[in-house]
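One structure below.
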Amino acid sequence: MHPYKRFPLLPMLALAQQTSCALGAPSTCSLDNLSHQLSSINNSLSYNATILSVVPVQANGSYGDPEALEGLPPLLSTGLPELCAVEVNVTSSESSSYTFALFLPSKWNSRFLTLGGGGTGGYINYLDMGVGVHYGFATMSTDNGHRSSPFAVDWTYKSPEKQIDWGFRAMHGSVQLTKQLIKNYYGKDLQYSYYSGCSTGGRQGLKEAQVDAESFDGMLIGAPAWWISHQVSWNTKISKDYYPVDNPKSIPKELFSTMISQTVTEQCDEVDGVKDGIVSSPENCHPDFEVLNCNNVGANSSACLTPLQLETLVKFYTDYYVGSELAHPGLELSSESGWDEFLFTGVPISYGLDYLRYAVFADPEWSLDSYNDSVYEYVKSLDIMNDIDANKFDMSPYRDQGGKILMYHGLSDPLIVTRGSSYFYEQVELATGVSHPMTDWFRLFFIPGMQHCVNTAPGVDAPWHINGAGQNWGIGSNVYSVPGFQDSKHDALLALMEWVEGGEAVDQIIATTWYNSTVPSSGVWKQRPLCPYPKKAVYDGVGDVNEAQSWKCE
C-alpha cells in the first residue's frame, strides 16, 4: 500500500498508452521465463505453485474460456491489447488447489487490478480481466479452488479445504504471488494495487483487506455477500416461508414482477418527489398491500392475494431476528421484479437449503422443514465461517495504510439484500471510531433501480452503468469503461483511482443507461448522479429528469 501522494494525474485511460514498461516478446512471455521467475520467489506459495501455461496474445487477440458454465456467458475476452496470458496452479492442502490467471500487458501502467468472482462459482473472470487490461493494468482472477457455476454448491460436500479456498485462501494466495510475479516480469515495483468485484466478488475484496491490509490501495466493491453465515440461514428461512408452491401460503411467482412490483411502484415512486418509474427512497415508503387483498369488495380473483399470501409477502420485507439479535435484513421495496429469477424460481435457492445440505450438514437429504432458529445459531458458530465471512468491522489497519473503499449497491437488488451494505457501512463506522470520518476513506453509493450488480427491470430503465464488475458482460466481450464516457465522472474505477492517487474524493458518480441498455450505440437515454450515503440525488424541479445536471446530491 502507498501513503497518500499528490501528483498531477494523466487522463487515466491514457496511462496504458503512456507507459511502456515491458514488451511481450516471446523470450519474455514464455513458459521457461515465467517458470524461472516463479522459482526465484522464495516462499511457501511459490514452492507449491506450478506455471500451467504461458501464451503470447497479439493485439486485438482473444483469450479465456469459451466453454460457458451454467448461468454465465462464455468467459472469452476479445479485442485485447498485446499481452502475456499466464495460468498458475497452487496446491493449498493435501486435498485442494486453486488456479489463477494473469494478463500482463506489453504497455503496462505500473498498476495491478484483481477481479473477483460470483456466487459459489469456481471460474476465472477473464471478461473483467479483459476490461482492466485496456486501462493498462496487469490483471488477475482466481477460480477459488474449483470449477462450477455460480449457483452450484455440491462441490462443498465433505470438502472443508475447498471451502477455505473459496472463503479467502485462493484470493489471498493469488494476490500475494501475483504481486511478486508482476515485479519479476516487468523488473520494477508496481505503484498501486486495486480490486474490483461484485456479490461474492465484493465479499472477496473486503475479506482480503481484512486478512491483509496491504493487499489493495483502492477497492471497488459491489453488492457484497459479506455475511454468508447469516445469509445462508435467511435464504433458507424465506424458502421455508414460501415453499411448497402448492401450499395456500405460496404466491404465484409470476405475480412478483407484475402485480406486486406495480403496486410498490405506484405507492413508492413519488416518495422522492419525482414520478419517473424509479423507486429512489424505499426506506421512506410504507406501502399498503391490503389493496391486493382478495377479500376486498370487487377484488379481481386472478389479480389479488389471499390473507395467507399477504402474510407471506410481508415476511420477505421484514428483518429476520432471532431473539433480540438481527440475523439478516429483509428484502428492499422495488426488488420484486427479480424474485422469480433468484429467490422463488420453483425450487429453494441453492445459497440456502443446498448450502446447508452440502457444506454444513453433509446430508443431501436434509429437509427444508428442518430449518429453525437453532440452525441459524449453529451455522454462525462454525469455525469455518471465520474463513468465509467478511465481518471484521474494524478495518482501521486498511484505512491507516491509506486504503480507500468505493462501495455500490442496487436499491432493487433481489439477491443480496441492499440494507446489508448500509448495515456493513454503519458497523465499520462504529468499529473504526469517530476521530476518522468514514467519508475520508469509505464511501457507499446506492443505485436506484439497479438489480443485482447490473441492469434494471423492464419498465424501470434506471441509469445503472458505472463500470462496476460484470457491467460490460452483456454489452460485449471487448468493451471497457462506460462506453462513450471514459472519464472519472462516469467510470467508478477511474474515480477510485483519482481518489487514491490524487486525493480527489468521490462526491458523485454519474450512472448511465441507453435506449437499449446493452447497445450503447442506441443513444444515451438517462443519466443521473449517485451520491455518497446518506446523501441522495434531489431533482431541481426544472430540468429534464433524464439529464444528470437536473439533479444534485443533498
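Chain lettering (A, B, ...) mirrors the order of the C-alpha cells, residue numbering begins at 1 for each chain separately, and ligand numbering begins at 1 in order of display.
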Test item: residues at most 6 Å from segment 453-465 of chain A, only C-alpha atoms, excluding those fewer than 6 positions along its chain, as a compact mmCIF listing (two decimals) with C-alpha atoms, in the first residue's frame:
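result_0.txt, written as the output of this step:
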```txt
# COMPACT_ATOMS: atom_id res chain seq x y z
CA GLY A 277 -40.93 4.88 -12.51
CA ILE A 278 -37.84 4.60 -10.30
CA GLN A 471 -21.35 -4.48 -16.10
CA ALA A 511 -24.75 6.49 -13.83
CA THR A 512 -25.75 5.88 -17.45
CA THR A 513 -28.22 3.81 -19.42
CA LYS A 526 -30.84 8.60 -18.94
CA GLN A 527 -28.03 9.78 -16.69
```
Near Val322 of chain A, within 12 Å and counting only C-alpha atoms, which residues show up once chain neighbours fewer than 4 positions away are dropped, as a PDB file with N, CA, C and O atoms, in the first residue's frame?
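Written file, around_3.pdb:
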```pdb
ATOM      1  N   HIS A 230     -24.912 -15.740   7.911  1.00  0.00           N
ATOM      2  CA  HIS A 230     -26.266 -15.262   8.160  1.00  0.00           C
ATOM      3  C   HIS A 230     -27.137 -15.383   6.911  1.00  0.00           C
ATOM      4  O   HIS A 230     -28.316 -15.711   7.006  1.00  0.00           O
ATOM      5  N   SER A 233     -28.762 -18.842   6.279  1.00  0.00           N
ATOM      6  CA  SER A 233     -29.929 -19.108   7.122  1.00  0.00           C
ATOM      7  C   SER A 233     -31.137 -18.302   6.676  1.00  0.00           C
ATOM      8  O   SER A 233     -32.261 -18.810   6.623  1.00  0.00           O
ATOM      9  N   TRP A 234     -30.904 -17.028   6.335  1.00  0.00           N
ATOM     10  CA  TRP A 234     -32.022 -16.197   5.884  1.00  0.00           C
ATOM     11  C   TRP A 234     -32.610 -16.730   4.583  1.00  0.00           C
ATOM     12  O   TRP A 234     -33.837 -16.800   4.428  1.00  0.00           O
ATOM     13  N   LYS A 237     -34.698 -19.632   5.460  1.00  0.00           N
ATOM     14  CA  LYS A 237     -35.927 -19.234   6.159  1.00  0.00           C
ATOM     15  C   LYS A 237     -36.982 -18.732   5.180  1.00  0.00           C
ATOM     16  O   LYS A 237     -38.150 -19.137   5.248  1.00  0.00           O
ATOM     17  N   LEU A 326     -30.308  -9.211  15.338  1.00  0.00           N
ATOM     18  CA  LEU A 326     -30.565  -9.134  13.909  1.00  0.00           C
ATOM     19  C   LEU A 326     -29.816 -10.267  13.213  1.00  0.00           C
ATOM     20  O   LEU A 326     -28.590 -10.302  13.203  1.00  0.00           O
ATOM     21  N   ALA A 327     -30.573 -11.183  12.631  1.00  0.00           N
ATOM     22  CA  ALA A 327     -29.959 -12.281  11.888  1.00  0.00           C
ATOM     23  C   ALA A 327     -29.671 -11.876  10.449  1.00  0.00           C
ATOM     24  O   ALA A 327     -28.647 -12.263   9.887  1.00  0.00           O
ATOM     25  N   HIS A 328     -30.601 -11.087   9.855  1.00  0.00           N
ATOM     26  CA  HIS A 328     -30.406 -10.658   8.470  1.00  0.00           C
ATOM     27  C   HIS A 328     -31.481  -9.640   8.110  1.00  0.00           C
ATOM     28  O   HIS A 328     -32.644  -9.805   8.469  1.00  0.00           O
ATOM     29  N   PRO A 329     -31.122  -8.586   7.377  1.00  0.00           N
ATOM     30  CA  PRO A 329     -32.147  -7.634   6.929  1.00  0.00           C
ATOM     31  C   PRO A 329     -33.077  -8.273   5.895  1.00  0.00           C
ATOM     32  O   PRO A 329     -32.710  -9.236   5.212  1.00  0.00           O
ATOM     33  N   ASN A 372     -34.943 -24.194  11.527  1.00  0.00           N
ATOM     34  CA  ASN A 372     -35.495 -23.355  12.593  1.00  0.00           C
ATOM     35  C   ASN A 372     -34.373 -22.456  13.098  1.00  0.00           C
ATOM     36  O   ASN A 372     -33.245 -22.508  12.590  1.00  0.00           O
ATOM     37  N   ASP A 373     -34.654 -21.639  14.080  1.00  0.00           N
ATOM     38  CA  ASP A 373     -33.667 -20.657  14.540  1.00  0.00           C
ATOM     39  C   ASP A 373     -32.411 -21.298  15.126  1.00  0.00           C
ATOM     40  O   ASP A 373     -31.340 -20.681  15.122  1.00  0.00           O
ATOM     41  N   SER A 374     -32.529 -22.533  15.607  1.00  0.00           N
ATOM     42  CA  SER A 374     -31.342 -23.192  16.152  1.00  0.00           C
ATOM     43  C   SER A 374     -30.326 -23.490  15.049  1.00  0.00           C
ATOM     44  O   SER A 374     -29.116 -23.550  15.310  1.00  0.00           O
ATOM     45  N   VAL A 375     -30.791 -23.678  13.825  1.00  0.00           N
ATOM     46  CA  VAL A 375     -29.875 -23.880  12.700  1.00  0.00           C
ATOM     47  C   VAL A 375     -29.060 -22.606  12.468  1.00  0.00           C
ATOM     48  O   VAL A 375     -27.845 -22.655  12.233  1.00  0.00           O
ATOM     49  N   TYR A 376     -29.728 -21.471  12.530  1.00  0.00           N
ATOM     50  CA  TYR A 376     -29.022 -20.191  12.410  1.00  0.00           C
ATOM     51  C   TYR A 376     -27.920 -20.091  13.457  1.00  0.00           C
ATOM     52  O   TYR A 376     -26.773 -19.722  13.143  1.00  0.00           O
ATOM     53  N   GLU A 377     -28.237 -20.404  14.694  1.00  0.00           N
ATOM     54  CA  GLU A 377     -27.258 -20.318  15.774  1.00  0.00           C
ATOM     55  C   GLU A 377     -26.082 -21.260  15.512  1.00  0.00           C
ATOM     56  O   GLU A 377     -24.919 -20.900  15.757  1.00  0.00           O
TER      57      GLU A 377
END
```
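The environment of Leu411 of chain A within 6 Å, counting only C-alpha atoms and disregarding residues fewer than 4 places along the same chain, consists of Thr418, Ile447, Pro448 and Gly449 of chain A.
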Residues near Glu547 of chain A, cut-off 7 Å, only C-alpha atoms, skip fewer than 2 positions along chain, as a PyMOL selection string:
chain A and resi 526-528+544-545+549-550
Going by DSSP on the backbone, which residues of segment 167-349 of chain A come out as helix (DSSP H, G or I)? List them as a PyMOL selection string.
chain A and resi 167-186+200-211+228-242+253-272+282-284+289-292+307-317+336-342
Nearest to Phe256 of chain A: which of A:Ser337, A:Asn284, A:Ser422, A:Asn48 is it, counting only C-alpha atoms?
A:Ser337
So which residues touch Pro307 of chain A within 10 Å, counting only C-alpha atoms, skipping near sequence neighbours fewer than 4 positions away, as a list in words?
Pro248, Lys249, Glu290, Leu292, Asn293, Cys294, Asn295, Glu311, Thr312 and Leu313 of chain A
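Here atom CA of Pro73 of chain A and atom CA of Gln58 of chain A stand 23.2 Å from one another.
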Under the rule that only C-alpha atoms are counted, which of A:Lys107, A:Lys179, A:Lys380, A:Lys158 is the nearest residue to Cys84 of chain A?
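Going through A:Lys107, A:Lys179, A:Lys380, A:Lys158 one by one, the smallest distance to Cys84 of chain A is for A:Lys107.
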Would you mind listing what lies within 8 Å of segment 115-131 of chain A as a short mmCIF file (atom, residue, chain, number, x, y, z; two decimals) with N, CA and C atoms, in the first residue's frame, with only C-alpha atoms counted and same-chain residues fewer than 3 positions away left out?
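Below is the file that was written, part-v7.cif:
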```cif
data_model
loop_
_atom_site.label_atom_id
_atom_site.label_comp_id
_atom_site.auth_asym_id
_atom_site.auth_seq_id
_atom_site.Cartn_x
_atom_site.Cartn_y
_atom_site.Cartn_z
N TYR A 63 -8.58 -14.30 -25.51
CA TYR A 63 -8.11 -15.29 -24.55
C TYR A 63 -9.20 -15.50 -23.51
N GLY A 64 -9.32 -16.74 -23.04
CA GLY A 64 -10.28 -17.02 -21.99
C GLY A 64 -10.82 -18.42 -22.09
N ASP A 65 -12.03 -18.59 -21.59
CA ASP A 65 -12.68 -19.89 -21.53
C ASP A 65 -13.95 -19.84 -22.37
N LEU A 75 -16.60 -17.06 -21.08
CA LEU A 75 -15.67 -16.12 -20.45
C LEU A 75 -14.46 -15.94 -21.35
N LEU A 76 -14.72 -15.49 -22.57
CA LEU A 76 -13.70 -15.28 -23.58
C LEU A 76 -13.57 -13.79 -23.85
N SER A 77 -12.45 -13.23 -23.47
CA SER A 77 -12.22 -11.80 -23.65
C SER A 77 -11.63 -11.56 -25.04
N THR A 78 -12.21 -10.63 -25.78
CA THR A 78 -11.79 -10.38 -27.16
C THR A 78 -11.28 -8.94 -27.32
N LEU A 80 -8.32 -7.77 -27.29
CA LEU A 80 -7.34 -7.44 -26.25
C LEU A 80 -6.15 -6.67 -26.81
N PHE A 100 -5.04 -19.47 -10.81
CA PHE A 100 -5.31 -18.08 -11.15
C PHE A 100 -4.68 -17.76 -12.49
N ALA A 101 -5.23 -16.76 -13.14
CA ALA A 101 -4.72 -16.32 -14.44
C ALA A 101 -4.28 -14.88 -14.36
N PHE A 103 -3.14 -11.46 -16.85
CA PHE A 103 -2.91 -10.76 -18.11
C PHE A 103 -1.82 -9.72 -17.86
N HIS A 134 -7.38 -3.10 -20.64
CA HIS A 134 -7.49 -1.97 -21.58
C HIS A 134 -7.03 -0.66 -20.93
N TYR A 135 -7.04 -0.58 -19.63
CA TYR A 135 -6.54 0.61 -18.94
C TYR A 135 -5.01 0.55 -18.80
N THR A 139 -3.70 -7.66 -14.77
CA THR A 139 -4.93 -8.11 -14.12
C THR A 139 -4.85 -9.58 -13.71
N MET A 140 -5.62 -9.93 -12.68
CA MET A 140 -5.61 -11.30 -12.16
C MET A 140 -7.00 -11.70 -11.67
N SER A 141 -7.34 -12.96 -11.87
CA SER A 141 -8.55 -13.55 -11.29
C SER A 141 -8.26 -14.99 -10.93
N THR A 142 -8.90 -15.47 -9.86
CA THR A 142 -8.71 -16.85 -9.41
C THR A 142 -10.00 -17.64 -9.54
N ASP A 143 -9.87 -18.97 -9.69
CA ASP A 143 -11.05 -19.84 -9.77
C ASP A 143 -11.56 -20.27 -8.40
N ASN A 144 -10.93 -19.78 -7.34
CA ASN A 144 -11.35 -20.05 -5.96
C ASN A 144 -11.23 -21.52 -5.56
N GLY A 145 -10.50 -22.30 -6.33
CA GLY A 145 -10.21 -23.67 -5.91
C GLY A 145 -11.13 -24.74 -6.45
N HIS A 146 -12.00 -24.41 -7.40
CA HIS A 146 -12.87 -25.42 -8.00
C HIS A 146 -13.44 -24.87 -9.29
N ARG A 147 -14.10 -25.73 -10.05
CA ARG A 147 -14.77 -25.29 -11.27
C ARG A 147 -16.24 -25.61 -11.14
N SER A 148 -17.08 -24.56 -11.18
CA SER A 148 -18.53 -24.77 -11.09
C SER A 148 -19.25 -23.50 -11.51
N SER A 149 -20.54 -23.62 -11.70
CA SER A 149 -21.39 -22.46 -11.98
C SER A 149 -21.54 -21.62 -10.72
N PRO A 150 -22.03 -20.38 -10.87
CA PRO A 150 -22.19 -19.52 -9.69
C PRO A 150 -23.23 -20.01 -8.69
N PHE A 151 -24.08 -20.95 -9.09
CA PHE A 151 -25.15 -21.40 -8.19
C PHE A 151 -24.92 -22.80 -7.64
N ALA A 152 -23.84 -23.46 -8.04
CA ALA A 152 -23.58 -24.82 -7.59
C ALA A 152 -22.94 -24.82 -6.21
N VAL A 153 -23.37 -25.74 -5.37
CA VAL A 153 -22.76 -25.87 -4.04
C VAL A 153 -22.36 -27.30 -3.71
N TRP A 166 -12.31 -21.15 -1.23
CA TRP A 166 -13.35 -20.24 -1.70
C TRP A 166 -13.53 -19.07 -0.73
N TYR A 195 -8.71 -3.35 -6.65
CA TYR A 195 -9.60 -4.51 -6.65
C TYR A 195 -10.97 -4.10 -7.17
N SER A 196 -11.62 -5.00 -7.91
CA SER A 196 -12.99 -4.77 -8.35
C SER A 196 -13.75 -6.09 -8.32
N GLY A 197 -14.91 -6.10 -7.67
CA GLY A 197 -15.73 -7.31 -7.63
C GLY A 197 -17.11 -7.00 -7.12
N CYS A 198 -18.09 -7.81 -7.54
CA CYS A 198 -19.47 -7.63 -7.10
C CYS A 198 -20.02 -8.95 -6.59
N SER A 199 -20.92 -8.88 -5.59
CA SER A 199 -21.57 -10.04 -5.00
C SER A 199 -20.52 -10.83 -4.20
N THR A 200 -20.29 -12.10 -4.53
CA THR A 200 -19.18 -12.81 -3.88
C THR A 200 -17.88 -12.07 -4.14
N GLY A 201 -17.75 -11.48 -5.32
CA GLY A 201 -16.57 -10.69 -5.61
C GLY A 201 -16.41 -9.53 -4.64
N GLY A 202 -17.52 -8.92 -4.23
CA GLY A 202 -17.46 -7.88 -3.22
C GLY A 202 -16.98 -8.41 -1.89
N GLN A 204 -15.11 -11.05 -1.44
CA GLN A 204 -13.70 -11.43 -1.55
C GLN A 204 -12.77 -10.24 -1.34
N GLY A 205 -13.14 -9.09 -1.90
CA GLY A 205 -12.30 -7.91 -1.73
C GLY A 205 -12.25 -7.45 -0.29
N ALA A 469 -18.06 -4.21 -11.62
CA ALA A 469 -17.69 -5.56 -12.05
C ALA A 469 -18.85 -6.20 -12.81
N GLY A 470 -18.55 -6.79 -13.94
CA GLY A 470 -19.54 -7.51 -14.73
C GLY A 470 -20.48 -6.65 -15.54
N TRP A 473 -20.41 -7.26 -19.37
CA TRP A 473 -20.57 -8.61 -19.88
C TRP A 473 -21.65 -8.68 -20.96
N SER A 477 -17.72 -8.54 -25.25
CA SER A 477 -16.52 -9.11 -24.63
C SER A 477 -15.27 -8.30 -24.91
N ASN A 478 -15.41 -7.21 -25.66
CA ASN A 478 -14.27 -6.32 -25.92
C ASN A 478 -14.53 -4.90 -25.42
N VAL A 479 -15.58 -4.72 -24.60
CA VAL A 479 -15.99 -3.39 -24.14
C VAL A 479 -15.38 -3.11 -22.77
N TYR A 480 -14.99 -1.87 -22.54
CA TYR A 480 -14.44 -1.49 -21.24
C TYR A 480 -14.91 -0.09 -20.88
N SER A 481 -14.71 0.28 -19.61
CA SER A 481 -15.14 1.55 -19.07
C SER A 481 -16.66 1.72 -19.27
#
```
